[in-house]
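S.K.: Before I ask anything, here is the structure I am working with.
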Amino acid sequence: MRKTKTPQTQENKSALPGGKAMERRHNPVFRSLNRPLTLMGAERKLFFFALMMGAGVFNLLHTFFGGILMFCLLYAFARWATRTDPQMLRLVLNSARHRVQYDPLKFAPTAVRKVQHV
């Protein structure tokens, strides 16, 4: 009988010329690097937007209550948006920039043909 070669396994591929196996590499992943940057539970850009809008209402209308009310409303929206999807602001800003590339009203479906007995 003729012997056949067995296909190389992952262990065979990772072996060094001296016959020693390579040591497996471990890369640490830090949770703090993958979390969104938030202030008081809201994404930082949305938080500063709420803060500046509250200050703007206070300066324009000369009412402290109006500024606090505007900040609280926008802050509540910012917390909701951050809880729903931390990247929501980025998606909204990018969708305005890429509107020309994707317009759902100009969608033309492509015909797909199903082939039997191939």
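Letters A, B, ... mark the chains of the structure tokens in the order given; residue numbers begin at 1 per chain; ligand numbers begin at 1, in order shown.
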With a distance cut-off of 12 Å and only C-alpha atoms, select the neighbouring residues of stretch 77-81 of chain A, excluding the residue or stretch itself and same-chain residues fewer than 6 positions from it, and output the selection as a list of chain:residue names.

M.R.: A:Thr38, A:Leu39, A:Met40, A:Gly41, A:Ala42, A:Glu43, A:Arg44, A:Lys45, A:Leu46, A:Phe47, A:Phe48, A:Phe49, A:Ala50, A:Leu51, A:Met70, A:Phe71, A:Gln87, A:Met88, A:Leu89, A:Arg90, A:Leu91, A:Val92

S.K.: Could those selected residues go to a file with C-alpha atoms, as a tab-separated table (two decimals), in the first residue's frame?

M.R.:
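This went into part.tsv:
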```
chain	number	residue	atom	x	y	z
A	38	THR	CA	-19.11	60.31	28.20
A	39	LEU	CA	-19.79	63.11	30.67
A	40	MET	CA	-22.48	62.36	33.25
A	41	GLY	CA	-23.78	59.53	31.04
A	42	ALA	CA	-24.05	61.50	27.78
A	43	GLU	CA	-21.65	61.43	24.83
A	44	ARG	CA	-19.28	64.36	25.31
A	45	LYS	CA	-20.11	66.22	22.08
A	46	LEU	CA	-23.82	66.00	22.80
A	47	PHE	CA	-23.22	67.11	26.39
A	48	PHE	CA	-21.28	70.19	25.31
A	49	PHE	CA	-23.92	70.95	22.68
A	50	ALA	CA	-26.62	70.87	25.39
A	51	LEU	CA	-24.44	73.03	27.65
A	70	MET	CA	-33.02	73.99	27.58
A	71	PHE	CA	-29.95	72.29	29.04
A	87	GLN	CA	-22.16	56.36	17.73
A	88	MET	CA	-25.53	57.96	16.81
A	89	LEU	CA	-24.08	61.49	16.46
A	90	ARG	CA	-21.35	60.24	14.13
A	91	LEU	CA	-23.91	58.41	11.99
A	92	VAL	CA	-26.19	61.45	11.74
```

S.K.: Could you tell me how far atom CA of A:Val57 sits from atom CA of A:Pro86, in Å to one decimal place?

M.R.: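 Atom CA of A:Val57 lies 26.4 Å from atom CA of A:Pro86.
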
S.K.: Tell me, as a compact mmCIF listing (two decimals) with N, CA and C atoms, in the first residue's frame, which residues lie within 12 Å of A:Ile68, counting only C-alpha atoms; anything in the same chain fewer than 5 positions away does not count.

M.R.:
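Output file result34.txt is given in full below:
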```txt
# COMPACT_ATOMS: atom_id res chain seq x y z
N ALA A 50 -25.53 70.52 24.48
CA ALA A 50 -26.62 70.87 25.39
C ALA A 50 -26.19 72.02 26.31
N LEU A 51 -24.96 71.98 26.77
CA LEU A 51 -24.44 73.03 27.65
C LEU A 51 -24.39 74.37 26.93
N MET A 52 -23.88 74.39 25.70
CA MET A 52 -23.78 75.64 24.95
C MET A 52 -25.15 76.18 24.54
N MET A 53 -26.08 75.30 24.22
CA MET A 53 -27.43 75.76 23.89
C MET A 53 -28.12 76.35 25.11
N GLY A 54 -27.92 75.74 26.27
CA GLY A 54 -28.47 76.30 27.50
C GLY A 54 -27.87 77.66 27.81
N ALA A 55 -26.56 77.81 27.61
CA ALA A 55 -25.91 79.11 27.83
C ALA A 55 -26.39 80.13 26.81
N GLY A 56 -26.61 79.69 25.58
CA GLY A 56 -27.09 80.60 24.54
C GLY A 56 -28.49 81.11 24.84
N VAL A 57 -29.37 80.23 25.29
CA VAL A 57 -30.73 80.64 25.66
C VAL A 57 -30.66 81.61 26.84
N PHE A 58 -29.80 81.33 27.81
CA PHE A 58 -29.64 82.22 28.96
C PHE A 58 -29.17 83.60 28.51
N ASN A 59 -28.20 83.68 27.61
CA ASN A 59 -27.67 84.96 27.16
C ASN A 59 -28.65 85.71 26.26
N LEU A 61 -32.13 85.26 25.94
CA LEU A 61 -33.43 85.57 26.53
C LEU A 61 -33.34 86.16 27.93
N HIS A 62 -32.15 86.20 28.51
CA HIS A 62 -31.91 86.76 29.85
C HIS A 62 -32.78 86.09 30.90
N THR A 63 -32.92 84.79 30.78
CA THR A 63 -33.69 84.05 31.76
C THR A 63 -32.90 82.80 32.16
N LEU A 73 -33.46 69.56 28.92
CA LEU A 73 -34.12 68.85 27.82
C LEU A 73 -33.11 68.24 26.86
N LEU A 74 -32.11 69.03 26.47
CA LEU A 74 -31.10 68.51 25.55
C LEU A 74 -30.22 67.45 26.21
N TYR A 75 -29.97 67.61 27.50
CA TYR A 75 -29.18 66.62 28.23
C TYR A 75 -29.92 65.29 28.31
```

S.K.: What are the DSSP strand (DSSP E) residues of stretch 34-105 of chain A, as number ranges by chain?

M.R.: A: 38-39, 42-43

S.K.: Keeping only C-alpha atoms, take the residues you just selected and write them out as a PDB file, in the first residue's frame.

M.R.:
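This went into selection27.pdb:
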```pdb
ATOM      1  CA  THR A  38     -19.112  60.313  28.203  1.00  0.00           C
ATOM      2  CA  LEU A  39     -19.795  63.113  30.665  1.00  0.00           C
ATOM      3  CA  ALA A  42     -24.048  61.503  27.785  1.00  0.00           C
ATOM      4  CA  GLU A  43     -21.650  61.434  24.829  1.00  0.00           C
TER       5      GLU A  43
END
```

S.K.: List every residue of stretch 73-117 of chain A that DSSP, applied to the backbone of this structure, places in helix (DSSP H, G or I), and write the result as a list in words.

M.R.: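 Written out, the helix (DSSP H, G or I) residues of stretch 73-117 of chain A are Leu73, Leu74, Tyr75, Ala76, Phe77, Ala78, Arg79, Trp80, Ala81, Thr82, Arg83, Thr84, Met88, Leu89, Arg90, Leu91, Val92, Leu93, Asn94, Ser95, Ala96, Arg97, Pro104, Leu105 and Lys106 of chain A.
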
S.K.: Do you have the atom CA of A:Phe107-atom CA of A:Asn94 distance handy?

M.R.: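 The value is 19.3 Å.
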
S.K.: Which distance in Å separates atom CA of A:Cys72 and atom CA of A:Asn34, to one decimal?

M.R.: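 These atoms are spaced 27.6 Å apart.
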